[in-house]
Each structure stands twice: as C-alpha cells, then as structure tokens.
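Here is the file upload.txt (compact mmCIF, C-alpha atoms).
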# COMPACT_ATOMS: atom_id res chain seq x y z
CA GLU A 1 13.50 42.37 -98.88
CA ASP A 2 16.93 42.42 -100.53
CA GLY A 3 17.46 38.76 -99.64
CA ILE A 4 14.10 37.78 -101.14
CA ARG A 5 14.84 39.79 -104.27
CA ASP A 6 18.28 38.17 -104.72
CA LYS A 7 16.81 34.66 -104.41
CA LEU A 8 14.13 35.48 -106.98
CA VAL A 9 16.71 36.81 -109.40
CA THR A 10 18.88 33.72 -108.92
CA GLY A 11 15.94 31.46 -109.62
CA VAL A 12 14.41 33.18 -112.59
CA GLN A 13 17.71 33.83 -114.35
CA THR A 14 18.00 30.05 -114.65
CA CYS A 15 15.01 29.96 -117.02
CA ALA A 16 15.71 30.54 -120.72
CA LEU A 17 12.23 32.07 -121.08
CA PRO A 18 10.64 35.51 -120.77
CA ILE A 19 9.77 35.90 -117.08
CA SER A 20 6.94 37.70 -115.31
CA LEU A 21 6.76 37.61 -111.51
CA CYS A 22 3.50 38.18 -109.62
CA LEU A 23 4.14 39.08 -105.99
CA ARG A 24 2.20 40.37 -103.02
CA GLY A 25 2.95 43.45 -101.00
CA ARG A 26 5.01 46.59 -101.54
CA PHE A 27 7.62 46.06 -104.20
CA GLU A 28 7.38 49.10 -106.46
CA GLN A 29 10.96 50.07 -105.62
CA HIS A 30 12.18 46.79 -107.15
CA VAL A 31 10.50 47.18 -110.54
CA GLU A 32 13.41 48.98 -112.20
CA THR A 33 15.94 46.53 -110.73
CA PHE A 34 14.08 43.58 -112.24
CA ARG A 35 13.46 45.36 -115.54
CA ALA A 36 17.20 45.80 -116.02
CA LEU A 37 17.48 42.00 -115.75
CA GLY A 38 14.78 41.40 -118.35
CA ILE A 39 12.13 40.52 -115.77
CA ALA A 40 8.68 42.12 -115.68
CA LEU A 41 7.58 42.53 -112.07
CA THR A 42 3.79 42.48 -111.96
CA CYS A 43 1.19 42.84 -109.21
CA ILE A 44 -2.19 41.11 -109.17
CA ASP A 45 -4.30 43.64 -107.28
CA HIS A 46 -6.65 42.33 -104.62
CA ALA A 47 -8.90 44.92 -103.00
CA GLY A 48 -10.75 42.47 -100.77
CA ALA A 49 -10.02 41.02 -97.35
CA TRP A 50 -6.47 39.79 -96.78
CA GLY A 51 -7.67 36.31 -95.82
CA ASP A 52 -10.14 35.81 -98.68
CA TRP A 53 -8.10 32.98 -100.17
CA ARG A 54 -10.73 31.93 -102.70
CA ALA A 55 -10.96 35.44 -104.12
CA ARG A 56 -7.19 35.60 -104.43
CA SER A 57 -7.05 32.24 -106.18
CA ARG A 58 -9.77 33.38 -108.57
CA LEU A 59 -7.75 36.52 -109.39
CA ALA A 60 -4.76 34.28 -110.13
CA LEU A 61 -6.95 32.25 -112.48
CA LEU A 62 -8.15 35.36 -114.31
CA HIS A 63 -4.58 36.61 -114.66
CA LEU A 64 -3.33 33.33 -116.08
CA ARG A 65 -6.23 33.09 -118.50
CA GLN A 66 -5.48 36.58 -119.78
CA ASN A 67 -1.71 36.19 -120.12
CA ARG A 68 -1.37 32.51 -121.15
CA TYR A 69 2.09 31.92 -119.73
CA ASP A 70 4.19 28.90 -120.64
CA ILE A 71 4.74 28.07 -116.98
CA ALA A 72 3.51 29.39 -113.64
CA PHE A 73 4.91 28.79 -110.14
CA PHE A 74 2.96 28.76 -106.90
CA ASP A 75 3.54 27.82 -103.25
CA ASP A 76 1.08 25.50 -101.53
CA LEU A 77 0.62 28.01 -98.70
CA GLU A 78 -2.64 29.98 -99.07
CA GLY A 79 -3.81 27.87 -102.02
CA ALA A 80 -3.52 30.45 -104.81
CA ALA A 81 -3.07 27.67 -107.41
CA TYR A 82 -6.39 26.02 -106.52
CA TYR A 83 -8.77 27.61 -109.06
CA PRO A 84 -6.17 27.75 -111.88
CA LEU A 85 -5.54 24.02 -111.44
CA LEU A 86 -9.25 23.15 -111.27
CA ALA A 87 -9.75 25.09 -114.50
CA ARG A 88 -6.76 23.46 -116.17
CA ARG A 89 -7.82 19.96 -115.15
CA THR A 90 -11.32 20.48 -116.51
CA GLY A 91 -10.17 21.58 -119.94
CA CYS A 92 -9.96 25.39 -119.75
CA ALA A 93 -8.73 26.29 -123.24
CA ALA A 94 -6.84 29.38 -122.06
CA LEU A 95 -4.74 27.28 -119.65
CA ARG A 96 -4.18 24.31 -121.92
CA GLU A 97 -0.60 25.39 -122.71
CA THR A 98 0.33 26.64 -119.21
CA VAL A 99 2.31 24.27 -116.97
CA ILE A 100 1.52 24.92 -113.31
CA CYS A 101 4.21 24.05 -110.75
CA VAL A 102 3.60 24.07 -107.01
CA THR A 103 6.26 24.13 -104.29
CA ALA A 104 5.63 22.31 -101.01
CA HIS A 105 6.37 25.20 -98.68
CA SER A 106 4.37 25.05 -95.44
CA ALA A 107 0.69 24.23 -95.74
CA THR A 108 -1.71 25.39 -93.03
CA GLU A 109 -2.42 21.85 -91.81
CA TRP A 110 1.30 21.31 -91.22
CA ILE A 111 1.72 24.67 -89.44
CA LYS A 112 -1.21 23.91 -87.14
CA HIS A 113 0.21 20.48 -86.43
CA GLN A 114 3.60 21.95 -85.48
CA ASN A 115 2.17 24.77 -83.34
CA LEU A 116 -0.46 22.51 -81.73
CA THR A 117 -3.23 24.95 -82.67
CA PRO A 118 -6.79 23.84 -83.43
CA VAL A 119 -8.84 24.40 -86.58
CA ARG A 120 -11.14 27.24 -85.57
CA SER A 121 -13.42 27.81 -88.56
CA LEU A 122 -14.83 26.38 -91.76
CA ASP A 123 -12.78 28.96 -93.65
CA GLU A 124 -9.63 27.27 -92.33
CA VAL A 125 -10.97 23.90 -93.46
CA ARG A 126 -11.57 25.33 -96.94
CA LEU A 127 -8.07 26.81 -97.03
CA MET A 128 -6.48 23.49 -96.05
CA GLU A 129 -8.42 21.76 -98.81
CA MET A 130 -7.27 24.36 -101.35
CA GLU A 131 -3.63 23.86 -100.34
CA ARG A 132 -3.87 20.07 -100.43
CA ARG A 133 -5.58 19.99 -103.82
CA SER A 134 -3.07 22.47 -105.25
CA LEU A 135 -0.31 19.95 -104.68
CA GLU A 136 -2.37 16.95 -105.79
CA LEU A 137 -3.47 18.59 -109.06
CA ALA A 138 -0.19 20.31 -109.96
CA ASP A 139 1.58 19.48 -113.23
CA ALA A 140 4.87 19.42 -111.33
CA VAL A 141 5.67 19.47 -107.62
CA ARG A 142 8.94 20.62 -106.05
CA ALA A 143 9.89 20.38 -102.39
CA PRO A 144 13.03 21.61 -100.64
CA SER A 145 13.02 18.48 -98.45
CA ALA A 146 11.86 14.88 -98.63
CA TYR A 147 10.61 15.35 -95.07
CA ILE A 148 7.77 17.71 -96.04
CA LEU A 149 6.51 15.40 -98.80
CA GLU A 150 6.46 12.39 -96.48
CA THR A 151 4.67 14.43 -93.82
CA TYR A 152 1.99 15.51 -96.30
CA ARG A 153 1.58 11.91 -97.43
CA SER A 154 1.12 10.87 -93.80
CA TYR A 155 -1.91 13.19 -93.73
CA GLY A 156 -3.40 11.15 -96.57
CA TRP A 157 -2.50 13.59 -99.34
CA ALA A 158 -1.95 12.07 -102.80
CA ILE A 159 1.42 13.62 -103.63
CA ALA A 160 2.87 12.51 -106.98
CA ASP A 161 5.70 9.96 -106.80
CA ASP A 162 7.80 12.02 -109.21
CA ALA A 163 7.81 15.15 -107.00
CA GLU A 164 11.25 16.76 -107.18
CA VAL A 165 13.24 17.23 -103.96
CA MET A 166 15.66 20.13 -104.43
CA PRO A 167 16.98 22.68 -101.90
CA ASN A 168 15.93 26.29 -102.18
CA PHE A 169 18.15 28.73 -104.04
CA VAL A 170 20.77 30.56 -102.05
CA SER A 171 21.23 34.23 -102.90
CA GLU A 172 24.79 35.14 -103.85
CA ALA A 173 26.28 32.14 -102.10
CA PRO A 174 29.83 32.83 -100.89
CA PRO A 175 32.53 30.22 -101.44
CA ALA A 176 32.57 27.42 -98.88
CA PRO A 177 34.68 28.55 -95.91
CA PRO A 178 37.70 26.50 -94.87
CA ALA A 179 37.31 24.18 -91.92
CA ALA A 180 37.50 26.27 -88.75
CA PRO A 181 38.49 25.14 -85.28
CA ALA A 182 35.90 25.31 -82.55
CA GLY A 183 35.78 28.74 -80.95
CA SER A 184 34.85 29.70 -77.39
CA VAL A 185 31.25 30.71 -76.77
CA ARG A 186 30.37 33.92 -74.93
CA GLU A 187 26.84 34.41 -76.26
CA ILE A 188 24.08 31.90 -77.06
CA VAL A 189 21.67 33.12 -79.75
CA PHE A 190 18.29 31.55 -80.40
CA PHE A 191 18.06 32.07 -84.17
CA GLY A 192 14.61 31.95 -85.75
CA ARG A 193 11.06 33.15 -85.28
CA LEU A 194 10.04 33.14 -81.64
CA GLU A 195 7.23 30.61 -81.79
CA ARG A 196 6.45 27.13 -80.54
CA ARG A 197 7.22 25.22 -83.73
CA LYS A 198 10.70 26.77 -83.83
CA GLY A 199 11.51 25.14 -80.50
CA LEU A 200 11.24 28.30 -78.41
CA PHE A 201 9.70 26.66 -75.36
CA MET A 202 12.08 23.69 -75.44
CA PHE A 203 14.97 26.17 -75.53
CA MET A 204 13.52 28.09 -72.59
CA ARG A 205 13.20 24.87 -70.55
CA ALA A 206 16.84 24.06 -71.34
CA LEU A 207 17.86 27.50 -70.05
CA ASP A 208 15.90 26.84 -66.85
CA ARG A 209 18.03 23.76 -66.23
CA LEU A 210 21.33 25.44 -67.08
CA LYS A 211 20.72 28.90 -65.62
CA TYR A 212 23.24 28.54 -62.81
CA ARG A 213 25.90 27.29 -65.23
CA LEU A 214 25.65 30.27 -67.56
CA GLY A 215 27.55 32.81 -65.52
CA GLY A 216 29.14 35.39 -67.82
CA ILE A 217 27.10 34.18 -70.81
CA THR A 218 24.59 36.38 -72.65
CA VAL A 219 21.52 34.75 -74.18
CA SER A 220 19.90 36.56 -77.13
CA PHE A 221 16.70 35.81 -79.03
CA LEU A 222 17.18 36.84 -82.65
CA GLY A 223 13.86 36.71 -84.47
CA LYS A 224 10.36 38.09 -84.67
CA ALA A 225 7.92 37.27 -81.88
CA THR A 226 4.16 37.26 -81.66
CA ASP A 227 2.55 39.20 -78.82
CA GLU A 228 1.84 35.90 -77.09
CA THR A 229 5.35 34.47 -77.33
CA PHE A 230 7.01 37.79 -76.44
CA GLU A 231 4.91 38.05 -73.29
CA ALA A 232 5.69 34.42 -72.37
CA LEU A 233 9.41 34.98 -72.95
CA VAL A 234 9.62 38.17 -70.90
CA SER A 235 7.65 36.59 -68.06
CA HIS A 236 9.76 33.43 -68.10
CA SER A 237 13.07 35.29 -68.23
CA ALA A 238 12.48 36.82 -64.80
CA ARG A 239 13.81 33.53 -63.36
CA TRP A 240 17.13 33.71 -65.20
CA PRO A 241 20.21 35.16 -63.48
CA PHE A 242 22.09 35.77 -66.74
CA GLU A 243 21.82 38.64 -69.21
CA MET A 244 19.03 38.23 -71.77
CA ARG A 245 17.91 40.34 -74.72
CA VAL A 246 15.37 40.11 -77.55
CA LEU A 247 16.48 41.35 -81.00
CA GLY A 248 13.37 41.40 -83.14
CA GLY A 249 14.06 44.22 -85.60
CA PHE A 250 16.99 42.84 -87.61
CA ASP A 251 16.73 42.17 -91.33
CA GLN A 252 18.56 39.21 -92.90
CA THR A 253 21.84 41.05 -93.52
CA GLN A 254 21.91 42.53 -90.03
CA ALA A 255 21.16 39.15 -88.45
CA ILE A 256 24.00 37.45 -90.34
CA ASP A 257 26.45 40.22 -89.47
CA PHE A 258 25.44 39.96 -85.83
CA LEU A 259 25.96 36.18 -85.73
CA LYS A 260 29.34 36.35 -87.49
CA ALA A 261 30.89 38.23 -84.57
CA PRO A 262 33.34 36.04 -82.58
CA GLY A 263 32.00 34.19 -79.57
CA ARG A 264 28.39 33.79 -80.73
CA LEU A 265 26.66 30.42 -81.07
CA ALA A 266 23.47 30.16 -83.13
CA VAL A 267 20.87 27.70 -81.86
CA MET A 268 18.12 26.39 -84.15
CA ALA A 269 15.85 24.34 -81.91
CA SER A 270 12.91 23.55 -84.19
CA PRO A 271 12.00 19.84 -83.80
CA GLU A 272 10.51 19.78 -87.29
CA ASP A 273 11.09 22.11 -90.22
CA ASN A 274 10.81 21.95 -93.98
CA SER A 275 14.01 23.58 -95.23
CA PRO A 276 15.12 26.24 -92.74
CA SER A 277 17.02 29.13 -94.27
CA THR A 278 18.80 29.55 -90.94
CA PHE A 279 20.76 26.34 -91.63
CA LEU A 280 21.82 27.64 -95.03
CA GLU A 281 22.80 31.05 -93.69
CA CYS A 282 24.94 29.62 -90.89
CA ALA A 283 26.68 27.03 -93.09
CA LEU A 284 27.42 29.50 -95.89
CA ASN A 285 28.69 32.23 -93.57
CA ALA A 286 30.86 30.05 -91.30
CA ILE A 287 28.66 30.79 -88.27
CA PRO A 288 29.04 28.29 -85.40
CA PHE A 289 25.72 26.62 -84.67
CA ILE A 290 23.89 23.71 -83.12
CA ALA A 291 20.49 22.53 -84.29
CA CYS A 292 17.77 19.93 -83.86
CA ALA A 293 18.29 16.67 -85.72
CA GLY A 294 15.65 15.22 -88.03
CA SER A 295 13.17 16.69 -90.52
CA GLY A 296 14.17 18.85 -93.48
CA GLY A 297 16.97 20.79 -91.84
CA GLU A 298 19.13 17.71 -91.38
CA GLU A 299 18.90 16.98 -95.12
CA LEU A 300 20.76 20.23 -95.81
CA LEU A 301 23.90 19.23 -93.89
CA ASP A 302 26.70 16.80 -94.67
CA GLU A 303 27.28 13.74 -92.52
CA ALA A 304 30.16 15.18 -90.48
CA THR A 305 28.11 18.27 -89.60
CA ARG A 306 25.14 16.14 -88.60
CA ARG A 307 27.30 14.22 -86.14
CA ALA A 308 29.01 17.30 -84.69
CA ASN A 309 26.32 19.98 -84.66
CA LEU A 310 22.94 18.28 -84.23
CA PHE A 311 21.05 17.13 -81.15
CA GLU A 312 17.90 15.07 -80.70
CA PRO A 313 14.71 17.13 -80.15
CA THR A 314 14.60 16.83 -76.37
CA VAL A 315 15.47 19.18 -73.53
CA ASP A 316 18.06 16.71 -72.23
CA ALA A 317 19.85 16.53 -75.58
CA LEU A 318 19.77 20.30 -76.04
CA CYS A 319 21.26 20.84 -72.57
CA ALA A 320 24.01 18.34 -73.30
CA LYS A 321 24.88 19.96 -76.63
CA LEU A 322 24.91 23.46 -75.11
CA LEU A 323 27.27 22.31 -72.37
CA GLU A 324 29.47 20.61 -74.95
CA ALA A 325 29.70 23.88 -76.91
CA LEU A 326 30.38 25.96 -73.80
CA GLU A 327 33.14 23.63 -72.61
CA GLY A 328 34.74 22.65 -75.92
CA GLY A 329 33.79 25.48 -78.26
CA ALA A 330 31.54 25.46 -81.32
CA ALA A 331 32.32 25.18 -85.02
CA PRO A 332 30.49 25.96 -88.29
CA GLY A 333 29.12 23.22 -90.54
CA ARG A 334 28.90 22.30 -94.21
CA LEU A 335 26.03 21.74 -96.62
CA SER A 336 25.20 18.40 -98.21
CA PHE A 337 25.05 19.99 -101.68
CA GLU A 338 26.86 22.54 -103.79
CA PRO A 339 24.78 25.73 -104.16
CA GLU A 340 26.30 26.36 -107.61
CA ALA A 341 24.80 23.07 -108.86
CA LEU A 342 21.23 24.15 -108.08
CA ARG A 343 20.93 26.11 -111.32
CA ASP A 344 21.58 23.01 -113.42
CA ARG A 345 19.23 20.89 -111.31
CA PHE A 346 16.49 23.48 -111.57
CA SER A 347 16.97 23.80 -115.33
CA ARG A 348 16.70 20.04 -115.82
CA TRP A 349 13.55 19.88 -113.69
CA LEU A 350 12.05 22.79 -115.61
CA ASP A 351 12.80 21.08 -118.93
CA ARG A 352 11.04 17.92 -117.75
CA ALA A 353 8.01 19.91 -116.63
CA LEU A 354 7.75 21.68 -119.98
CA ARG A 355 8.24 18.45 -121.95
CA SER A 356 5.34 16.89 -120.07
CA GLU A 357 3.08 19.61 -121.45
CA GLU A 358 2.23 17.77 -124.67
CA HIS A 359 0.89 14.73 -122.80
CA THR A 360 -0.95 16.91 -120.27
CA SER A 361 -2.63 18.92 -123.03
CA GLU A 362 -3.96 15.71 -124.59
CA LEU A 363 -5.48 14.70 -121.24
CA GLN A 364 -7.06 18.11 -120.79
CA SER A 365 -8.55 18.01 -124.27
CA LEU A 366 -10.12 14.69 -123.32
CA ALA A 367 -11.42 16.15 -120.05
CA TYR A 368 -12.92 19.08 -121.93
CA LEU A 369 -14.63 16.73 -124.37
CA VAL A 370 -16.07 14.63 -121.53
CA CYS A 371 -17.43 17.74 -119.80
CA ARG A 372 -19.04 18.91 -123.04
CA LEU A 373 -20.67 15.53 -123.57
CA LEU A 374 -22.00 15.44 -120.03
CA LEU A 375 -23.44 18.94 -120.33
CA GLU A 376 -25.07 18.17 -123.67
CA LYS A 377 -26.54 14.94 -122.27
CA LYS A 378 -27.91 16.81 -119.25

Final structure tokens representation of the file:
Amino acid sequence: EDGIRDKLVTGVQTCALPISLCLRGRFEQHVETFRALGIALTCIDHAGAWGDWRARSRLALLHLRQNRYDIAFFDDLEGAAYYPLLARRTGCAALRETVICVTAHSATEWIKHQNLTPVRSLDEVRLMEMERRSLELADAVRAPSAYILETYRSYGWAIADDAEVMPNFVSEAPPAPPAAPAGSVREIVFFGRLERRKGLFMFMRALDRLKYRLGGITVSFLGKATDETFEALVSHSARWPFEMRVLGGFDQTQAIDFLKAPGRLAVMASPEDNSPSTFLECALNAIPFIACAGSGGEELLDEATRRANLFEPTVDALCAKLLEALEGGAAPGRLSFEPEALRDRFSRWLDRALRSEEHTSELQSLAYLVCRLLLEKK
C-alpha cells in the first residue's frame, strides 16, 4: 500500500490543480497523509456486488456530475469510465467541462488472451465492451507502452492515433546505480505473480530441463499465487532435486530488500506484458535480472540491457540465459528513460488534454442539440 500511495502522490503533485482521488478499498489510514499534501482522498461507496461493473460505472457518473471536476482519470480495467463517457459524448451538461482521461492498463480481453481462458458469461462480454468503449470514447488516452496500444488495435479497437505513450511513475526513484560487474548466482528467483501469463509454466519447464545442473542452487517463487497455480507448482516441484520455496506474503518493500541480497537473480518470464513494475524495480535498485524480450517490458530498458539481460520467450532461450547467468554471473540493467523527466512529460500531456477541452465542449454542445432535435421530432 505504501508503494501505491507514493506513486499516487508523485503523479498528482505534478498537476497544478486542486486534486481529489477516488479509490477503492481500505484507505482510511491514508486520508491524513494526503490531506497534508493538499489532496482530498475520497471514496465512492458501492454497496452492491463486487463484480457489478455497470453499477460501479453509474456511481462514477453520478459522482462526476455532482462534483464537476476539471479532469478525471480512469483505467480501462473494469470499465468505470463507460457511463461517464457515454454521458459526456451525448451532451450531458454537468460533464461538459470535465476532461476524461483513460489509461490503457490491462483490459479483460487482453488478460483472457494472455491466460488462455475462455469468455464464460454475457456479463464478461458486457465488461469487455465497457472497457473497449472507455478507451475509444476517452478525451485523452495514455499507455505505459506502445505494445498495449498495438495489441488493442489488433483486436479491432479504434484507439486514437494521438494516444500518449509514457511510462508509469516511479515512487521515490533512487539515483541510477553505477555500472556493476556481473555477480555469481546462488539463488534463482521467479519474480512476479504466479500465473500463466507471467511465464510461470515456461519457467517450470526450464527448471525441468536444468534440474540436474542446479546443484547447490535455491529456486524461489516470489509472488502471489492462485489456488490453482500454487497446487500445480507444489505438485510439479516434487520432481526437482534442488531446494525450492514459495514466498507469497511479501509486500513491495520486503520483496525488493529480499532481491537486493547478494547472489540472487530475478527472473521475469512473462512472454507479453504491458509495463511490468518488476522491470522498473530491478533496474532502479541495481538488482541482477533476466527477462523475456518483446512486449512492453522491453520498451523500459536501454539497448545495452536488452542485449545482455533479455531472452526470447521460449524454454530453450530461457534455459540458455539461465546457464549463462550461472556460469558467468548476472548484472543489473538500466532504463530507457529518466524517471525525473516523467513529471515534465506528464505535465505537458495534461496541458494538451485540458487545452482540447474547448473544442470538445463545442462538439458536445452539437451532440446535445442533435439529441434534442431527434427527441422533439419523435
């Protein structure tokens, strides 16, 4: 929770506007912290079912109509911007001056594609439509990677050509560490949620191939697992002759401290990802790592790091890179951008979004007039 709070503070302090944040979940303990920074932390109460996405989007609409903010930010995931954007695009007077920005985070259709899970209900179809339309109707779209925008477009989504690609904020980024020599590896750590789309099963198959070459090496799984993946991992690990452990209860700070200990190699094996925070955390904290090439994660790293630390998303390539690290040591990597420059980039993007408001308001006034004429004619 502290990491999420720090990132929010970093982001909202960039805006030269009064800020109100509307979050889900338990956050009462953070209210005073935000208030001291001039930020009003607000909750939109939802007493209904957790997965009633339409009801939650409607509550967001009612909140925006009542408060009439200058600008509102949403993620695509769960489609909370859907009803506010429908209302804004059809001339809702209360939203005429509110710019609605949507971040391409991880829509349900993309998650299902990565996890190879089927669509099981009409409710899921409705949710996927809400998420898609939220991005298509948004006044401004931001994505932490070009990869996720191109993937959405490959689904047939009409994503605006002027969508902004900008990495996520990094909370309290430390100065870039000096170049470090490769260090010996005594522990291999799978770093990330223990699920299919994070490359868990590819990593397990690589361990199957290398199990007799890992004498004296510990393999740890650092991340939260589902009941299904935990059971699969425990069952599969019975074949391994090396020491294995699952560390699922660490928060962000504890995970970083654990990985910073000498002799540990972080492995991020996700074949496709939007903008994995694990890449940022390893690069900023001088943690040796290897990771899958391609998708949004690669965009975060400089060219030298891509050549040295990345492997193609196959079991063969992962095995080869693990052996390379075990024999020659592993080194940290560097980012392709300066975290300190994100504030300026975000400010410029925000200015453009707010300047577009005048033109958007004219279009919405026209839409409102057309709707009135149609209703009167009917």

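Once Ile159 of chain A and its same-chain neighbours fewer than 4 positions away are set aside, Leu135, Glu136 and Arg153 of chain A remain within 7 Å of it when counting all atoms listed in the file.
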
Residues of segment 25-60 of chain A that have any atom at most 12 Å from an atom of segment 71-78 of chain A: could you tabulate them with the shortest-distance atom pair and the distance in Å to one decimal, using all atoms listed in the file, ordered by chain and increasing number, as a Markdown table?
| residue | atom | partner | partner_atom | distance |
| --- | --- | --- | --- | --- |
| A:Trp50 | CA | A:Glu78 | CA | 10.8 |
| A:Gly51 | CA | A:Glu78 | CA | 8.7 |
| A:Asp52 | CA | A:Glu78 | CA | 9.5 |
| A:Trp53 | CA | A:Glu78 | CA | 6.3 |
| A:Arg54 | CA | A:Glu78 | CA | 9.1 |
| A:Ala55 | CA | A:Glu78 | CA | 11.2 |
| A:Arg56 | CA | A:Glu78 | CA | 9.0 |
| A:Ser57 | CA | A:Glu78 | CA | 8.7 |
| A:Ala60 | CA | A:Phe74 | CA | 10.0 |

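Proximity ranking of A:Ile188, A:Lys198, A:Ile217, A:Lys321 relative to Leu259 of chain A places A:Ile188 first, based on all atoms listed in the file.
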
Who sits within 8 Å of Leu194 of chain A, all atoms listed in the file, same chain under 6 positions skipped, as a PyMOL selection string: chain A and resi 200+221+223-226+229-230

Please write the residues from the selection above to a file, keeping C-alpha atoms, as a CSV table (one decimal), in the coordinates of the input.
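Just written: out02.csv:
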chain,number,residue,atom,x,y,z
A,200,LEU,CA,11.2,28.3,-78.4
A,221,PHE,CA,16.7,35.8,-79.0
A,223,GLY,CA,13.9,36.7,-84.5
A,224,LYS,CA,10.4,38.1,-84.7
A,225,ALA,CA,7.9,37.3,-81.9
A,226,THR,CA,4.2,37.3,-81.7
A,229,THR,CA,5.4,34.5,-77.3
A,230,PHE,CA,7.0,37.8,-76.4

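Considering all atoms listed in the file, the residue among A:Ala238, A:Val31, A:Val185, A:Leu350 positioned nearest to Ile290 of chain A is A:Val185.
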
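Comparing the minimum interatomic distances between Ala293 of chain A and each of A:Ala269, A:Met244, A:Ile100, A:Ala80, counting all atoms listed in the file, we find that A:Ala269 sits nearest.
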
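Across the model, the gap from atom CA of Ile287 of chain A to atom CA of Met268 of chain A is 12.1 Å.
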
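Candidate residues A:Arg239, A:His63, A:Arg120, A:Arg355 were compared for distance to Lys211 of chain A, and the nearest is A:Arg239, using all atoms listed in the file.
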
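With all atoms listed in the file as the atoms that count, the residue of A:Asp251, A:Glu187, A:Glu338, A:Glu164 with the shortest distance to Asp302 of chain A is A:Glu338.
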
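For the residues A:Asn168, A:Thr108, A:Ser220, A:Thr42, ranking by smallest atom-to-atom distance to Phe279 of chain A using all atoms listed in the file places A:Asn168 first.
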